[in-house]
Amino acid sequence: MKKPDKLLIGIVSSVILLVVIAFAVALLRPKATYQSEDSPDGVAFNYLFALQQRDYERAYGYLLPSIRGYPRTSEAFVDDIRDYSWSFNELESASTTLEVESANLNGKRAEVKMKETRFYEGGLFDSRQYTNFFTITLRQGEDGAWKIEEADSYWLWCWNEFGGCK
């Protein structure tokens, strides 16, 4: 009778151990959550995270009410997002991650540079990632709260126009 090949058992055991570790890392990874709203970078992140979570009421609350095309109600905001859904589709994908790259404060105005990374899967050994940087401009109100005035991505051009999107 043949003895089991120790090298083969070692290789199979190592592969199984690596698979278990990979699953543990993926499952134990902390979930993204809302950040503190007392800084412009926290508000910028929270706006995008709320959109990602489809928490449109919360996302609407981060807009500066004095922008020219401000949606007058949260329902109008949701309608705008649905009407121009192609502008927001990538954000709602589970394979998109967001992080604050930098924040530049200038008095009551701030520019937050965001980093968006999208992961694409092809075949077994084919995966790619795409990284996009964009800026969100915020203004601090009299009450001290930071609100979004404009953004390069995940923002509708008609919010900058008198009369809004409709």
# chains A, B, ... in the order shown; residues from 1 in each chain; ligands from 1
>>> residues_around(residues="region 83-85 of chain A", least_positions_apart="6", cutoff="10 Å", atoms="only C-alpha atoms", output="list in words")
Phe77, Tyr154, Trp155, Leu156 and Cys165 of chain A
>>> residues_around(residues="Asn104 (chain A)", least_positions_apart="5", cutoff="12 Å", atoms="only C-alpha atoms", output="number ranges by chain")
A: 39-41, 109-114, 135-139
>>> closest_residue(among="A:Trp157, A:Phe88, A:Tyr56, A:Trp146", to="Leu105 (chain A)", atoms="only C-alpha atoms")
A:Trp146
>>> select_by_dssp(residues="region 31-137 of chain A", states="helix (DSSP H, G or I)", output="ChimeraX atom specification")
/A:40-52,56-61,74-83,85-87,89-92
>>> write_last_selection(atoms="N, CA and C atoms", output="JSON list (two decimals), in the first residue's frame")
[["chain", "number", "residue", "atom", "x", "y", "z"],
["A", 40, "PRO", "N", -16.18, 69.64, 5.77],
["A", 40, "PRO", "CA", -16.60, 69.53, 4.37],
["A", 40, "PRO", "C", -16.33, 68.15, 3.77],
["A", 41, "ASP", "N", -15.22, 67.53, 4.15],
["A", 41, "ASP", "CA", -14.93, 66.21, 3.59],
["A", 41, "ASP", "C", -15.93, 65.17, 4.08],
["A", 42, "GLY", "N", -16.39, 65.29, 5.32],
["A", 42, "GLY", "CA", -17.41, 64.38, 5.82],
["A", 42, "GLY", "C", -18.73, 64.55, 5.09],
["A", 43, "VAL", "N", -19.12, 65.79, 4.83],
["A", 43, "VAL", "CA", -20.37, 66.06, 4.11],
["A", 43, "VAL", "C", -20.27, 65.56, 2.67],
["A", 44, "ALA", "N", -19.14, 65.80, 2.00],
["A", 44, "ALA", "CA", -18.97, 65.33, 0.62],
["A", 44, "ALA", "C", -19.06, 63.81, 0.55],
["A", 45, "PHE", "N", -18.37, 63.13, 1.47],
["A", 45, "PHE", "CA", -18.43, 61.67, 1.50],
["A", 45, "PHE", "C", -19.85, 61.20, 1.79],
["A", 46, "ASN", "N", -20.51, 61.82, 2.76],
["A", 46, "ASN", "CA", -21.85, 61.40, 3.14],
["A", 46, "ASN", "C", -22.86, 61.58, 2.01],
["A", 47, "TYR", "N", -22.72, 62.65, 1.22],
["A", 47, "TYR", "CA", -23.60, 62.86, 0.07],
["A", 47, "TYR", "C", -23.48, 61.69, -0.90],
["A", 48, "LEU", "N", -22.25, 61.33, -1.23],
["A", 48, "LEU", "CA", -22.03, 60.23, -2.17],
["A", 48, "LEU", "C", -22.46, 58.89, -1.56],
["A", 49, "PHE", "N", -22.18, 58.70, -0.29],
["A", 49, "PHE", "CA", -22.55, 57.45, 0.37],
["A", 49, "PHE", "C", -24.07, 57.32, 0.43],
["A", 50, "ALA", "N", -24.77, 58.44, 0.70],
["A", 50, "ALA", "CA", -26.23, 58.41, 0.72],
["A", 50, "ALA", "C", -26.78, 58.05, -0.66],
["A", 51, "LEU", "N", -26.19, 58.62, -1.71],
["A", 51, "LEU", "CA", -26.61, 58.25, -3.07],
["A", 51, "LEU", "C", -26.35, 56.77, -3.32],
["A", 52, "GLN", "N", -25.20, 56.30, -2.88],
["A", 52, "GLN", "CA", -24.83, 54.89, -3.06],
["A", 52, "GLN", "C", -25.81, 53.97, -2.34],
["A", 56, "TYR", "N", -31.97, 58.86, -0.69],
["A", 56, "TYR", "CA", -32.05, 60.12, -1.42],
["A", 56, "TYR", "C", -32.49, 61.29, -0.54],
["A", 57, "GLU", "N", -33.30, 61.02, 0.44],
["A", 57, "GLU", "CA", -33.73, 62.09, 1.36],
["A", 57, "GLU", "C", -32.52, 62.68, 2.07],
["A", 58, "ARG", "N", -31.64, 61.81, 2.52],
["A", 58, "ARG", "CA", -30.44, 62.28, 3.21],
["A", 58, "ARG", "C", -29.51, 63.00, 2.24],
["A", 59, "ALA", "N", -29.33, 62.45, 1.05],
["A", 59, "ALA", "CA", -28.47, 63.09, 0.04],
["A", 59, "ALA", "C", -28.99, 64.48, -0.30],
["A", 60, "TYR", "N", -30.30, 64.62, -0.42],
["A", 60, "TYR", "CA", -30.93, 65.90, -0.73],
["A", 60, "TYR", "C", -30.61, 66.93, 0.36],
["A", 61, "GLY", "N", -30.55, 66.49, 1.60],
["A", 61, "GLY", "CA", -30.26, 67.39, 2.71],
["A", 61, "GLY", "C", -28.87, 67.99, 2.68],
["A", 74, "SER", "N", -37.65, 66.98, -1.80],
["A", 74, "SER", "CA", -36.85, 65.76, -1.94],
["A", 74, "SER", "C", -37.43, 64.87, -3.04],
["A", 75, "GLU", "N", -38.74, 64.95, -3.27],
["A", 75, "GLU", "CA", -39.36, 64.17, -4.35],
["A", 75, "GLU", "C", -38.87, 64.66, -5.71],
["A", 76, "ALA", "N", -38.73, 65.98, -5.86],
["A", 76, "ALA", "CA", -38.19, 66.54, -7.10],
["A", 76, "ALA", "C", -36.74, 66.10, -7.29],
["A", 77, "PHE", "N", -35.98, 66.05, -6.21],
["A", 77, "PHE", "CA", -34.59, 65.59, -6.26],
["A", 77, "PHE", "C", -34.53, 64.13, -6.74],
["A", 78, "VAL", "N", -35.38, 63.29, -6.19],
["A", 78, "VAL", "CA", -35.43, 61.87, -6.59],
["A", 78, "VAL", "C", -35.85, 61.76, -8.05],
["A", 79, "ASP", "N", -36.82, 62.57, -8.48],
["A", 79, "ASP", "CA", -37.24, 62.57, -9.88],
["A", 79, "ASP", "C", -36.08, 62.94, -10.80],
["A", 80, "ASP", "N", -35.31, 63.95, -10.41],
["A", 80, "ASP", "CA", -34.15, 64.37, -11.20],
["A", 80, "ASP", "C", -33.15, 63.22, -11.33],
["A", 81, "ILE", "N", -32.89, 62.54, -10.23],
["A", 81, "ILE", "CA", -31.93, 61.43, -10.26],
["A", 81, "ILE", "C", -32.45, 60.31, -11.15],
["A", 82, "ARG", "N", -33.72, 60.01, -11.07],
["A", 82, "ARG", "CA", -34.29, 58.95, -11.91],
["A", 82, "ARG", "C", -34.30, 59.36, -13.38],
["A", 83, "ASP", "N", -34.62, 60.64, -13.66],
["A", 83, "ASP", "CA", -34.65, 61.12, -15.05],
["A", 83, "ASP", "C", -33.26, 61.10, -15.69],
["A", 85, "SER", "N", -30.65, 59.05, -14.67],
["A", 85, "SER", "CA", -30.06, 57.93, -13.92],
["A", 85, "SER", "C", -28.67, 57.52, -14.42],
["A", 86, "TRP", "N", -28.39, 57.73, -15.70],
["A", 86, "TRP", "CA", -27.08, 57.35, -16.22],
["A", 86, "TRP", "C", -25.95, 58.11, -15.53],
["A", 87, "SER", "N", -26.26, 59.25, -14.94],
["A", 87, "SER", "CA", -25.24, 60.02, -14.24],
["A", 87, "SER", "C", -24.91, 59.45, -12.86],
["A", 89, "ASN", "N", -25.59, 55.80, -12.12],
["A", 89, "ASN", "CA", -25.58, 54.34, -12.15],
["A", 89, "ASN", "C", -24.30, 53.73, -11.58],
["A", 90, "GLU", "N", -23.16, 54.27, -11.97],
["A", 90, "GLU", "CA", -21.89, 53.68, -11.52],
["A", 90, "GLU", "C", -21.73, 53.75, -10.01],
["A", 91, "LEU", "N", -22.26, 54.79, -9.41],
["A", 91, "LEU", "CA", -22.13, 54.96, -7.96],
["A", 91, "LEU", "C", -22.90, 53.90, -7.21],
["A", 92, "GLU", "N", -24.01, 53.46, -7.77],
["A", 92, "GLU", "CA", -24.86, 52.48, -7.08],
["A", 92, "GLU", "C", -24.33, 51.06, -7.20]]
>>> select_by_dssp(residues="region 69-117 of chain A", states="strand (DSSP E)", output="PyMOL selection string")
chain A and resi 96-106+109-117
>>> atom_distance(atom1="CA of Gln35 (chain A)", atom2="CA of Ile148 (chain A)")
15.3 Å
>>> residues_around(residues="Ser95 (chain A)", least_positions_apart="6", cutoff="10 Å", atoms="only C-alpha atoms", output="PyMOL selection string")
chain A and resi 117-121+129
>>> closest_residue(among="A:Trp159, A:Gly141, A:Tyr130, A:Ile67", to="Lys108 (chain A)", atoms="only C-alpha atoms")
A:Gly141
